[in-house]
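Next comes protein32.txt, with compact mmCIF, C-alpha atoms.
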```txt
# COMPACT_ATOMS: atom_id res chain seq x y z
CA MET A 16 -26.23 34.64 -2.41
CA SER A 17 -23.98 31.98 -3.96
CA ALA A 18 -25.14 30.03 -6.99
CA THR A 19 -26.66 26.60 -6.57
CA LEU A 20 -24.11 23.81 -7.05
CA SER A 21 -25.29 20.85 -9.11
CA CYS A 22 -24.13 17.45 -7.85
CA ASP A 23 -25.07 13.80 -7.75
CA THR A 24 -24.72 13.22 -4.02
CA VAL A 25 -24.47 15.30 -0.85
CA TRP A 26 -23.36 13.82 2.46
CA THR A 27 -24.66 15.92 5.35
CA ALA A 28 -24.38 15.88 9.15
CA ALA A 29 -20.82 14.64 8.84
CA ARG A 30 -17.89 15.19 11.17
CA LEU A 31 -15.24 15.66 8.50
CA LEU A 32 -11.56 14.79 8.78
CA PRO A 33 -10.39 16.11 5.40
CA MET A 34 -6.66 15.17 5.73
CA THR A 35 -5.71 18.00 3.42
CA VAL A 36 -3.05 19.05 5.94
CA PRO A 37 -1.09 16.00 7.12
CA GLY A 38 -0.49 15.81 10.83
CA GLN A 39 -3.60 17.67 11.95
CA PRO A 40 -6.19 14.99 12.71
CA ASP A 41 -7.85 17.09 15.40
CA ALA A 42 -9.00 19.61 12.80
CA VAL A 43 -12.40 17.92 12.55
CA ILE A 44 -15.12 19.94 10.88
CA GLU A 45 -17.99 19.24 13.27
CA GLN A 46 -20.83 20.23 10.95
CA GLY A 47 -19.45 19.08 7.64
CA VAL A 48 -20.76 18.49 4.15
CA VAL A 49 -19.30 16.66 1.14
CA ALA A 50 -20.77 16.97 -2.35
CA ALA A 51 -19.78 14.98 -5.43
CA ARG A 52 -20.52 15.02 -9.13
CA ASP A 53 -19.47 12.31 -11.59
CA GLY A 54 -17.49 10.62 -8.85
CA ARG A 55 -15.43 13.70 -7.96
CA ILE A 56 -15.71 15.95 -4.93
CA VAL A 57 -17.05 19.42 -5.73
CA TYR A 58 -17.31 20.64 -2.15
CA ALA A 59 -15.93 19.48 1.21
CA GLY A 60 -16.18 21.72 4.21
CA SER A 61 -18.46 23.24 6.77
CA ALA A 62 -22.22 23.33 6.31
CA GLU A 63 -22.16 27.00 7.24
CA ALA A 64 -19.91 27.92 4.31
CA ALA A 65 -21.51 25.52 1.84
CA PRO A 66 -23.43 26.72 -1.23
CA ALA A 67 -26.94 25.55 -1.98
CA PHE A 68 -26.96 22.15 -3.64
CA ALA A 69 -29.13 20.68 -6.37
CA ALA A 70 -28.48 17.03 -5.57
CA GLY A 71 -29.75 13.75 -6.93
CA ARG A 72 -29.59 12.23 -3.45
CA THR A 73 -28.74 13.33 0.07
CA ILE A 74 -27.14 11.00 2.61
CA ASP A 75 -27.44 11.85 6.30
CA CYS A 76 -24.27 10.70 8.06
CA GLY A 77 -25.89 11.09 11.48
CA GLY A 78 -22.94 12.94 13.00
CA ARG A 79 -20.50 10.15 12.14
CA LEU A 80 -16.83 10.70 11.39
CA VAL A 81 -16.06 10.84 7.66
CA THR A 82 -12.50 10.41 6.41
CA PRO A 83 -10.97 9.81 3.01
CA GLY A 84 -11.15 6.17 1.95
CA LEU A 85 -8.12 4.32 3.28
CA ILE A 86 -5.19 3.46 1.00
CA ASP A 87 -3.09 0.31 1.39
CA CYS A 88 0.01 1.32 -0.55
CA HIS A 89 2.10 -1.87 -0.23
CA THR A 90 0.61 -5.34 -0.65
CA HIS A 91 1.42 -8.67 -2.26
CA LEU A 92 -2.25 -9.58 -2.19
CA VAL A 93 -2.34 -11.85 -5.27
CA TYR A 94 -0.63 -15.19 -4.73
CA GLY A 95 -1.22 -18.91 -4.59
CA GLY A 96 -0.86 -21.29 -1.67
CA SER A 97 -0.05 -20.74 2.00
CA ARG A 98 3.08 -20.61 4.12
CA ALA A 99 1.62 -21.56 7.47
CA GLY A 100 4.20 -24.33 7.68
CA GLU A 101 7.03 -21.81 7.51
CA PHE A 102 5.37 -19.84 10.28
CA GLU A 103 5.48 -22.96 12.40
CA ALA A 104 9.15 -23.48 11.51
CA ARG A 105 9.99 -19.94 12.60
CA LEU A 106 8.24 -20.59 15.91
CA GLU A 107 10.63 -23.50 16.31
CA GLY A 108 13.65 -21.29 15.71
CA ALA A 109 14.31 -21.14 11.96
CA SER A 110 15.13 -17.67 10.59
CA TYR A 111 13.53 -16.03 7.57
CA GLU A 112 16.90 -16.13 5.78
CA ALA A 113 17.46 -19.81 6.57
CA ILE A 114 14.02 -20.74 5.30
CA ALA A 115 14.61 -18.76 2.10
CA ARG A 116 18.01 -20.33 1.47
CA ALA A 117 16.54 -23.80 1.97
CA GLY A 118 14.09 -23.28 -0.91
CA GLY A 119 11.22 -21.91 1.11
CA GLY A 120 10.13 -18.33 1.39
CA ILE A 121 9.27 -16.51 -1.79
CA VAL A 122 10.23 -19.49 -3.97
CA SER A 123 7.67 -21.75 -2.31
CA THR A 124 4.95 -19.20 -3.07
CA MET A 125 6.32 -18.99 -6.60
CA ARG A 126 5.61 -22.66 -7.14
CA ALA A 127 2.03 -22.36 -5.91
CA THR A 128 1.46 -19.20 -7.94
CA ARG A 129 2.81 -20.70 -11.15
CA ALA A 130 0.50 -23.67 -10.63
CA ALA A 131 -2.58 -21.43 -10.47
CA ASP A 132 -4.24 -19.85 -13.49
CA GLU A 133 -5.60 -16.31 -13.58
CA ALA A 134 -9.07 -17.39 -12.45
CA GLY A 135 -7.59 -19.33 -9.58
CA LEU A 136 -5.53 -16.35 -8.46
CA ILE A 137 -8.61 -14.14 -8.53
CA ALA A 138 -10.62 -16.64 -6.51
CA ALA A 139 -7.87 -17.01 -3.91
CA SER A 140 -7.23 -13.29 -3.60
CA ALA A 141 -10.77 -11.90 -3.62
CA PRO A 142 -11.51 -12.81 0.03
CA ARG A 143 -8.36 -11.00 1.14
CA LEU A 144 -9.37 -7.91 -0.79
CA ALA A 145 -12.91 -8.11 0.60
CA GLU A 146 -11.50 -7.97 4.12
CA MET A 147 -9.65 -4.77 3.25
CA ILE A 148 -12.73 -3.21 1.69
CA ALA A 149 -14.72 -4.02 4.83
CA GLU A 150 -12.32 -1.77 6.74
CA GLY A 151 -12.75 1.24 4.47
CA VAL A 152 -10.00 0.66 1.92
CA THR A 153 -10.79 2.29 -1.44
CA THR A 154 -7.34 2.02 -3.07
CA VAL A 155 -4.86 -0.82 -2.85
CA GLU A 156 -1.49 -1.42 -4.44
CA ILE A 157 -0.90 -5.02 -5.59
CA LYS A 158 2.54 -6.25 -6.56
CA SER A 159 3.53 -9.14 -8.78
CA GLY A 160 6.72 -11.00 -7.91
CA TYR A 161 5.58 -14.51 -7.12
CA GLY A 162 5.57 -15.70 -10.72
CA LEU A 163 9.21 -14.92 -11.57
CA GLU A 164 8.55 -15.78 -15.21
CA LEU A 165 6.68 -13.81 -17.84
CA ALA A 166 3.50 -15.89 -18.04
CA ALA A 167 2.99 -16.12 -14.29
CA GLU A 168 3.84 -12.46 -13.68
CA ARG A 169 1.31 -11.54 -16.38
CA ALA A 170 -1.33 -13.72 -14.72
CA MET A 171 -0.74 -12.00 -11.38
CA LEU A 172 -1.05 -8.50 -12.82
CA ARG A 173 -4.10 -9.41 -14.89
CA ALA A 174 -5.70 -10.88 -11.78
CA ALA A 175 -4.98 -7.67 -9.87
CA ARG A 176 -6.59 -5.57 -12.59
CA ALA A 177 -9.62 -7.88 -12.68
CA LEU A 178 -10.06 -7.66 -8.92
CA GLY A 179 -10.26 -3.88 -9.15
CA SER A 180 -12.94 -4.06 -11.83
CA GLN A 181 -14.98 -6.73 -10.07
CA MET A 182 -14.85 -5.32 -6.54
CA ARG A 183 -15.14 -1.56 -7.09
CA VAL A 184 -11.80 -0.60 -5.64
CA SER A 185 -8.89 1.27 -7.24
CA VAL A 186 -5.94 -1.07 -7.84
CA ALA A 187 -2.42 0.17 -8.54
CA THR A 188 -0.30 -2.58 -10.08
CA THR A 189 3.42 -2.82 -9.39
CA PHE A 190 5.79 -5.11 -11.30
CA LEU A 191 8.12 -6.83 -8.84
CA GLY A 192 9.91 -9.26 -11.10
CA ALA A 193 13.12 -8.61 -9.16
CA HIS A 194 11.66 -10.15 -6.00
CA ALA A 195 13.65 -13.38 -5.75
CA LEU A 196 15.82 -15.58 -7.92
CA PRO A 197 13.83 -18.46 -9.43
CA PRO A 198 15.46 -21.89 -9.14
CA GLU A 199 16.07 -22.19 -12.87
CA TYR A 200 18.39 -19.16 -12.61
CA ALA A 201 20.36 -20.39 -9.59
CA GLY A 202 23.83 -18.89 -9.73
CA ARG A 203 22.84 -16.63 -12.64
CA ALA A 204 21.29 -13.63 -10.98
CA ASP A 205 22.57 -11.17 -13.59
CA ALA A 206 21.01 -13.23 -16.37
CA TYR A 207 17.68 -13.20 -14.54
CA ILE A 208 17.88 -9.42 -14.10
CA ASP A 209 18.47 -9.16 -17.86
CA LEU A 210 15.27 -11.15 -18.38
CA VAL A 211 13.36 -8.87 -16.00
CA ALA A 212 14.67 -5.65 -17.54
CA ASP A 213 14.83 -6.58 -21.23
CA THR A 214 11.89 -8.95 -21.69
CA MET A 215 9.40 -9.12 -18.86
CA LEU A 216 9.06 -5.43 -18.01
CA PRO A 217 8.75 -4.13 -21.59
CA ALA A 218 6.20 -6.81 -22.47
CA LEU A 219 4.01 -6.23 -19.43
CA ALA A 220 4.23 -2.46 -19.73
CA ALA A 221 3.17 -2.67 -23.38
CA GLU A 222 0.07 -4.56 -22.24
CA GLY A 223 -0.84 -1.76 -19.84
CA LEU A 224 -0.36 -3.92 -16.76
CA VAL A 225 2.30 -1.91 -14.94
CA ASP A 226 1.79 1.30 -12.95
CA ALA A 227 5.15 1.18 -11.13
CA VAL A 228 8.26 -0.99 -10.78
CA ASP A 229 9.68 -2.40 -7.55
CA ALA A 230 12.64 -4.57 -6.52
CA PHE A 231 13.96 -6.34 -3.42
CA CYS A 232 17.38 -4.91 -2.58
CA GLU A 233 18.73 -7.28 0.06
CA GLY A 234 21.37 -9.93 0.66
CA ILE A 235 18.80 -12.66 -0.07
CA GLY A 236 17.39 -10.56 -2.90
CA PHE A 237 19.30 -8.45 -5.41
CA SER A 238 22.30 -6.16 -5.21
CA ALA A 239 22.21 -2.41 -5.66
CA THR A 240 23.90 -2.81 -9.05
CA GLN A 241 21.24 -5.26 -10.20
CA VAL A 242 18.45 -3.00 -8.95
CA GLU A 243 19.99 -0.09 -10.85
CA ARG A 244 19.62 -2.18 -14.01
CA VAL A 245 15.90 -2.69 -13.35
CA PHE A 246 15.37 0.98 -12.51
CA ALA A 247 17.11 2.05 -15.71
CA ALA A 248 14.68 -0.11 -17.69
CA ALA A 249 11.76 1.41 -15.80
CA GLY A 250 13.05 4.90 -16.53
CA ALA A 251 13.29 4.14 -20.23
CA LEU A 252 9.57 3.28 -20.11
CA ASN A 253 8.70 6.37 -18.03
CA LEU A 254 7.51 4.19 -15.16
CA PRO A 255 7.97 5.31 -11.54
CA VAL A 256 9.92 3.12 -9.14
CA LYS A 257 9.83 2.06 -5.50
CA LEU A 258 12.05 -0.24 -3.50
CA HIS A 259 12.06 -2.85 -0.75
CA ALA A 260 15.04 -1.42 1.12
CA GLU A 261 16.92 -1.90 4.37
CA GLN A 262 14.59 -4.55 5.79
CA LEU A 263 17.26 -7.04 6.94
CA SER A 264 20.48 -5.10 6.40
CA ASN A 265 21.75 -1.79 5.08
CA LEU A 266 22.68 -2.02 1.40
CA HIS A 267 22.06 1.74 0.95
CA GLY A 268 18.87 1.00 -0.94
CA ALA A 269 17.09 4.08 0.41
CA ALA A 270 19.69 6.37 -1.14
CA LEU A 271 19.57 4.34 -4.36
CA ALA A 272 15.80 4.73 -4.49
CA ALA A 273 16.06 8.45 -3.87
CA ARG A 274 18.58 8.86 -6.69
CA HIS A 275 15.94 7.49 -9.04
CA GLY A 276 13.21 9.73 -7.63
CA ALA A 277 11.40 6.73 -6.16
CA LEU A 278 7.84 7.16 -4.99
CA SER A 279 8.70 5.25 -1.84
CA ALA A 280 11.28 3.15 -0.06
CA ASP A 281 9.65 0.45 2.05
CA HIS A 282 10.51 -1.39 5.30
CA LEU A 283 13.61 0.67 6.21
CA GLU A 284 14.41 -0.80 9.61
CA HIS A 285 18.14 -0.52 8.85
CA CYS A 286 18.03 2.84 7.03
CA ASP A 287 20.97 5.12 7.79
CA ASP A 288 21.27 8.91 8.01
CA ALA A 289 22.52 9.23 4.42
CA GLY A 290 19.46 7.38 3.18
CA ILE A 291 17.15 9.61 5.20
CA VAL A 292 18.77 12.78 3.88
CA ALA A 293 18.52 11.48 0.31
CA MET A 294 14.86 10.52 0.73
CA ALA A 295 14.01 13.91 2.17
CA ALA A 296 15.67 15.69 -0.75
CA ALA A 297 13.93 13.49 -3.32
CA GLY A 298 10.50 13.57 -1.68
CA THR A 299 10.54 9.79 -1.37
CA VAL A 300 7.96 8.43 1.08
CA ALA A 301 9.04 6.10 3.88
CA THR A 302 6.50 3.26 3.81
CA LEU A 303 6.70 1.39 7.10
CA LEU A 304 5.37 -2.14 7.41
CA PRO A 305 4.76 -3.01 11.06
CA GLY A 306 3.01 -6.29 10.22
CA ALA A 307 6.23 -7.74 8.83
CA TYR A 308 8.22 -6.28 11.72
CA TYR A 309 5.87 -7.97 14.18
CA PHE A 310 5.49 -11.26 12.33
CA THR A 311 9.22 -11.84 11.83
CA ARG A 312 9.98 -10.66 15.38
CA GLU A 313 12.39 -8.01 14.14
CA THR A 314 14.18 -6.05 16.85
CA VAL A 315 15.67 -3.09 14.95
CA LEU A 316 13.15 -0.26 14.78
CA PRO A 317 12.88 1.96 11.71
CA PRO A 318 14.34 5.40 12.47
CA VAL A 319 10.99 7.14 12.86
CA ALA A 320 12.32 10.11 14.82
CA ALA A 321 14.94 10.78 12.15
CA PHE A 322 12.33 10.54 9.37
CA ARG A 323 10.15 12.94 11.32
CA ALA A 324 12.98 15.40 11.92
CA ALA A 325 14.02 15.34 8.25
CA GLY A 326 10.48 15.85 7.01
CA VAL A 327 10.27 12.49 5.22
CA PRO A 328 6.58 11.62 4.71
CA ILE A 329 5.61 8.38 6.45
CA ALA A 330 3.09 5.90 5.08
CA LEU A 331 1.83 2.66 6.61
CA ALA A 332 0.64 -0.46 4.80
CA THR A 333 -0.29 -4.05 5.57
CA ASP A 334 2.40 -5.64 3.38
CA CYS A 335 -0.21 -8.38 2.95
CA ASN A 336 1.80 -11.44 1.88
CA PRO A 337 1.88 -15.15 2.74
CA GLY A 338 5.34 -15.30 4.27
CA THR A 339 6.04 -12.33 6.51
CA SER A 340 2.79 -10.38 6.93
CA PRO A 341 -0.37 -12.43 6.37
CA MET A 342 -2.44 -9.41 7.40
CA THR A 343 -5.35 -7.70 5.66
CA SER A 344 -6.20 -5.11 8.33
CA LEU A 345 -4.99 -1.59 7.67
CA LEU A 346 -6.57 -0.54 10.96
CA LEU A 347 -4.34 -3.05 12.73
CA ALA A 348 -1.36 -1.68 10.78
CA MET A 349 -2.16 1.75 12.22
CA ASN A 350 -2.33 0.37 15.75
CA MET A 351 0.97 -1.43 15.22
CA GLY A 352 2.49 1.73 13.77
CA ALA A 353 1.54 3.54 16.95
CA THR A 354 2.43 0.86 19.50
CA LEU A 355 5.56 -0.58 17.87
CA PHE A 356 6.96 2.43 16.03
CA ARG A 357 5.63 5.20 18.32
CA LEU A 358 3.82 7.07 15.56
CA THR A 359 1.23 9.58 16.73
CA VAL A 360 -2.47 9.31 15.89
CA ALA A 361 -1.99 12.19 13.46
CA GLU A 362 0.88 10.40 11.73
CA CYS A 363 -1.00 7.10 11.52
CA LEU A 364 -4.06 8.68 9.91
CA ALA A 365 -1.95 10.61 7.40
CA ALA A 366 0.02 7.42 6.76
CA VAL A 367 -3.01 5.58 5.35
CA THR A 368 -4.53 8.53 3.49
CA ILE A 369 -2.65 11.50 2.07
CA ASN A 370 0.88 10.06 2.52
CA ALA A 371 -0.17 6.65 1.21
CA ALA A 372 -1.53 8.40 -1.87
CA ARG A 373 1.81 10.11 -2.34
CA ALA A 374 3.57 6.72 -2.04
CA LEU A 375 1.55 5.67 -5.10
CA GLY A 376 2.24 8.90 -6.99
CA ARG A 377 -1.45 9.82 -6.72
CA ARG A 378 -2.69 13.37 -6.18
CA ASP A 379 -6.36 12.59 -6.83
CA ILE A 380 -7.05 10.56 -3.68
CA GLY A 381 -6.12 10.58 0.00
CA ALA A 382 -7.99 13.70 1.11
CA LEU A 383 -11.43 15.29 0.99
CA ALA A 384 -11.06 18.28 -1.31
CA PRO A 385 -12.62 19.55 -4.57
CA GLY A 386 -11.33 17.76 -7.66
CA LEU A 387 -10.34 14.56 -5.88
CA TRP A 388 -12.19 11.29 -6.24
CA ALA A 389 -15.13 10.94 -3.85
CA ASP A 390 -13.63 8.04 -1.91
CA LEU A 391 -15.10 8.23 1.59
CA ALA A 392 -15.19 6.11 4.74
CA VAL A 393 -17.94 6.74 7.28
CA TRP A 394 -17.11 5.50 10.78
CA ASP A 395 -19.03 4.60 13.93
CA VAL A 396 -16.44 6.19 16.23
CA ALA A 397 -16.54 9.14 18.61
CA GLN A 398 -13.10 10.48 17.74
CA PRO A 399 -10.36 9.86 15.15
CA ALA A 400 -8.06 8.27 17.73
CA GLU A 401 -10.44 5.29 17.96
CA LEU A 402 -9.37 4.22 14.45
CA VAL A 403 -5.83 3.77 15.76
CA TYR A 404 -6.68 2.69 19.30
CA ARG A 405 -8.89 -0.32 18.60
CA ILE A 406 -7.52 -3.83 18.17
CA GLY A 407 -10.06 -5.90 16.28
CA GLY A 408 -13.59 -4.92 15.38
CA ARG A 409 -14.80 -3.15 12.29
CA PRO A 410 -16.10 0.35 13.02
CA LEU A 411 -16.87 1.09 9.36
CA HIS A 412 -20.46 2.26 8.84
CA ALA A 413 -20.29 2.85 5.07
CA ARG A 414 -17.75 3.08 2.28
CA TYR A 415 -18.07 5.09 -0.93
CA TRP A 416 -15.82 4.58 -3.93
CA ARG A 417 -15.96 7.35 -6.52
CA GLY A 418 -19.22 8.51 -5.02
CA GLN A 419 -20.93 5.11 -5.07
```
Could you render the structure as structure tokens?
Amino acid sequence: MSATLSCDTVWTAARLLPMTVPGQPDAVIEQGVVAARDGRIVYAGSAEAAPAFAAGRTIDCGGRLVTPGLIDCHTHLVYGGSRAGEFEARLEGASYEAIARAGGGIVSTMRATRAADEAGLIAASAPRLAEMIAEGVTTVEIKSGYGLELAAERAMLRAARALGSQMRVSVATTFLGAHALPPEYAGRADAYIDLVADTMLPALAAEGLVDAVDAFCEGIGFSATQVERVFAAAGALNLPVKLHAEQLSNLHGAALAARHGALSADHLEHCDDAGIVAMAAAGTVATLLPGAYYFTRETVLPPVAAFRAAGVPIALATDCNPGTSPMTSLLLAMNMGATLFRLTVAECLAAVTINAARALGRRDIGALAPGLWADLAVWDVAQPAELVYRIGGRPLHARYWRGQ
């Protein structure tokens, strides 16, 4: 007889979808049990194979589906203001690039974000984060990049950290100083990149506000050479990198990201074969953002079949932002990933759990296995496919973050 396992909480009568093997969502453990101690999983598997438990509390899941807590691995959730007016302009025919070059786009959000203090940013962003939590999200990445100056970038990252503490969700902060060129640096992009790499990044990293570094490699963003400068600064600080790449054109950003061992390259509608090969070799995750694809009415699909064939892990995220993806629903992102990008149910579920964790460089979340954080989502659905199939509605029954 096996020894009794001491734990804080045991979830019984669960239909478990552990996600320990990406791409196998049908491997549901019909009579499953999860046990946790000090916020970490100590057992996840069948009731038949489970040891005896000495538990502080037992939660009957009533035969409901239990998955890892969902992970939104690419968001711009903290910002000031709204860009509904730009949305209206696009409906009337203006392009994203034209709006950006006319002083709208990211720069308009910059002005509203600079005008807000840290408390104001928290107040504006908390409802968006609450909507994600209500759909089973237990980890969210939040980028800076709307301040474009040290004080405002600091306020964004501090607000992101505060939201995690206040709302019982894990927040990964990403410094995206190289998001757009602020007006005061018009015509001096290299000088602004020097500010990002030499001043802003070291200062914010020293304050413990940066988990990763990102950049926008695009014709209306920054060149590959300028991004290399930012990535070199990140490397000197031992910070991982990721990249907005190949959203509007192919500047070979995916290959650039892979050369730097990037956690992920994101968007990727215009990614070429060389970029795919490089990402596969580097283990860089392809984070696809169907909300932005839909909202901007893009027509070039990301090369999903080529990613699949090369073995590039695929993640999905909301890309929650005011200009191109004002979306807080990761469930909707899964549906869009399936309908627009032709991902399978298996791929969609892996894309918001185990692969999303990998896109954040995390090995302690994204699956139900001993040693990982006890982040769980309990669902009122009959089968995993319902999480991808539904449009609207909130099938979440309960959410547990680190066992609570």
Which residues are near Ala366 (chain A)? Cut-off 10 Å, all atoms listed in the file, ignore same chain within fewer than 5 positions. Put them as a PDB file with C-alpha atoms, in the frame of the given file.
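So part31.pdb came out as:
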```
ATOM      1  CA  PRO A  37      -1.090  16.000   7.120  1.00  0.00           C
ATOM      2  CA  GLY A  38      -0.490  15.810  10.830  1.00  0.00           C
ATOM      3  CA  LEU A  85      -8.120   4.320   3.280  1.00  0.00           C
ATOM      4  CA  ILE A  86      -5.190   3.460   1.000  1.00  0.00           C
ATOM      5  CA  ASP A  87      -3.090   0.310   1.390  1.00  0.00           C
ATOM      6  CA  CYS A  88       0.010   1.320  -0.550  1.00  0.00           C
ATOM      7  CA  VAL A 300       7.960   8.430   1.080  1.00  0.00           C
ATOM      8  CA  ALA A 301       9.040   6.100   3.880  1.00  0.00           C
ATOM      9  CA  THR A 302       6.500   3.260   3.810  1.00  0.00           C
ATOM     10  CA  LEU A 303       6.700   1.390   7.100  1.00  0.00           C
ATOM     11  CA  PRO A 328       6.580  11.620   4.710  1.00  0.00           C
ATOM     12  CA  ILE A 329       5.610   8.380   6.450  1.00  0.00           C
ATOM     13  CA  ALA A 330       3.090   5.900   5.080  1.00  0.00           C
ATOM     14  CA  LEU A 331       1.830   2.660   6.610  1.00  0.00           C
ATOM     15  CA  ALA A 332       0.640  -0.460   4.800  1.00  0.00           C
ATOM     16  CA  MET A 349      -2.160   1.750  12.220  1.00  0.00           C
ATOM     17  CA  GLY A 352       2.490   1.730  13.770  1.00  0.00           C
ATOM     18  CA  LEU A 358       3.820   7.070  15.560  1.00  0.00           C
ATOM     19  CA  VAL A 360      -2.470   9.310  15.890  1.00  0.00           C
ATOM     20  CA  ALA A 361      -1.990  12.190  13.460  1.00  0.00           C
ATOM     21  CA  ALA A 371      -0.170   6.650   1.210  1.00  0.00           C
ATOM     22  CA  ALA A 372      -1.530   8.400  -1.870  1.00  0.00           C
ATOM     23  CA  ARG A 373       1.810  10.110  -2.340  1.00  0.00           C
ATOM     24  CA  ALA A 374       3.570   6.720  -2.040  1.00  0.00           C
ATOM     25  CA  GLY A 381      -6.120  10.580   0.000  1.00  0.00           C
TER      26      GLY A 381
END
```
One-decimal distance in Å that lies between CA of Ser340 (chain A) and CA of Ala130 (chain A): 22.1 Å
Minimum-distance residue to Trp416 (chain A), chosen among A:Val184, A:Ile56, A:Leu80, A:Val43 (using all atoms listed in the file):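 For Trp416 (chain A), the nearest of the given residues is A:Val184.
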Minimum-distance residue to Tyr207 (chain A), chosen among A:Leu165, A:Ala70, A:Met171, A:Leu219 (using all atoms listed in the file):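 Looking only at the distances to Tyr207 (chain A), the closest residue turns out to be A:Leu165.
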What's around region 266-268 of chain A at 9 Å? Count all atoms listed in the file, leave out sequence neighbours fewer than 2 positions away in its own chain, and write the answer as a CSV table (one decimal) with C-alpha atoms, in the coordinates of the input.
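Resulting contents of result35.csv:
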```
chain,number,residue,atom,x,y,z
A,232,CYS,CA,17.4,-4.9,-2.6
A,233,GLU,CA,18.7,-7.3,0.1
A,234,GLY,CA,21.4,-9.9,0.7
A,238,SER,CA,22.3,-6.2,-5.2
A,239,ALA,CA,22.2,-2.4,-5.7
A,242,VAL,CA,18.4,-3.0,-9.0
A,258,LEU,CA,12.0,-0.2,-3.5
A,259,HIS,CA,12.1,-2.8,-0.8
A,260,ALA,CA,15.0,-1.4,1.1
A,261,GLU,CA,16.9,-1.9,4.4
A,264,SER,CA,20.5,-5.1,6.4
A,270,ALA,CA,19.7,6.4,-1.1
A,271,LEU,CA,19.6,4.3,-4.4
A,272,ALA,CA,15.8,4.7,-4.5
A,273,ALA,CA,16.1,8.4,-3.9
A,280,ALA,CA,11.3,3.2,-0.1
A,283,LEU,CA,13.6,0.7,6.2
A,285,HIS,CA,18.1,-0.5,8.8
A,286,CYS,CA,18.0,2.8,7.0
A,287,ASP,CA,21.0,5.1,7.8
A,289,ALA,CA,22.5,9.2,4.4
A,290,GLY,CA,19.5,7.4,3.2
```
For Thr82 (chain A), the nearest of the candidates A:Arg173, A:Arg98, A:Arg30, A:Arg417, counting all atoms listed in the file: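 For Thr82 (chain A), the nearest of the given residues is A:Arg30.
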Distance query 10 Å from (-30.3, 4.4, -5.2) using all atoms listed in the file, result as a ChimeraX atom specification: /A:71-72,419
Among listed residues A:Asn370, A:Gln262, A:Thr333, A:Thr314, nearest Phe356 (chain A) (using all atoms listed in the file): A:Thr314
A:Gly250, A:Pro198, A:Gly162, A:Gly306 ranked by distance to Tyr94 (chain A), top pick (using only C-alpha atoms):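 Checking each candidate against Tyr94 (chain A), we get A:Gly162 as the closest.
The spacing separating CA of Ala218 (chain A) from CA of Asp379 (chain A) amounts to 27.9 Å.
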What are the closest atom pairs, with distances in Å to one decimal, for each residue of region 170-241 of chain A lying within 8 Å of region 138-153 of chain A, using only C-alpha atoms, rows by chain and rising residue number, as CSV?
```
residue,atom,partner,partner_atom,distance
A:Leu178,CA,A:Ala141,CA,6.8
A:Met182,CA,A:Ala145,CA,7.9
A:Val184,CA,A:Thr153,CA,5.2
A:Ser185,CA,A:Thr153,CA,6.2
```
Sel. within 12 Å of pt (-16.8, 8.4, 11.0), counting only C-alpha atoms, output as a PyMOL selection string: chain A and resi 28-33+43-45+47+76-84+150-151+391-402+409-414
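Distance annotation: of A:Arg176, A:Arg203, A:Arg274, A:His194, the residue with the minimal separation from Phe237 (chain A) is A:His194; atom set is only C-alpha atoms.
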Å distance separating CA of Ala389 (chain A) from CA of Asp53 (chain A), one decimal place: 9.0 Å
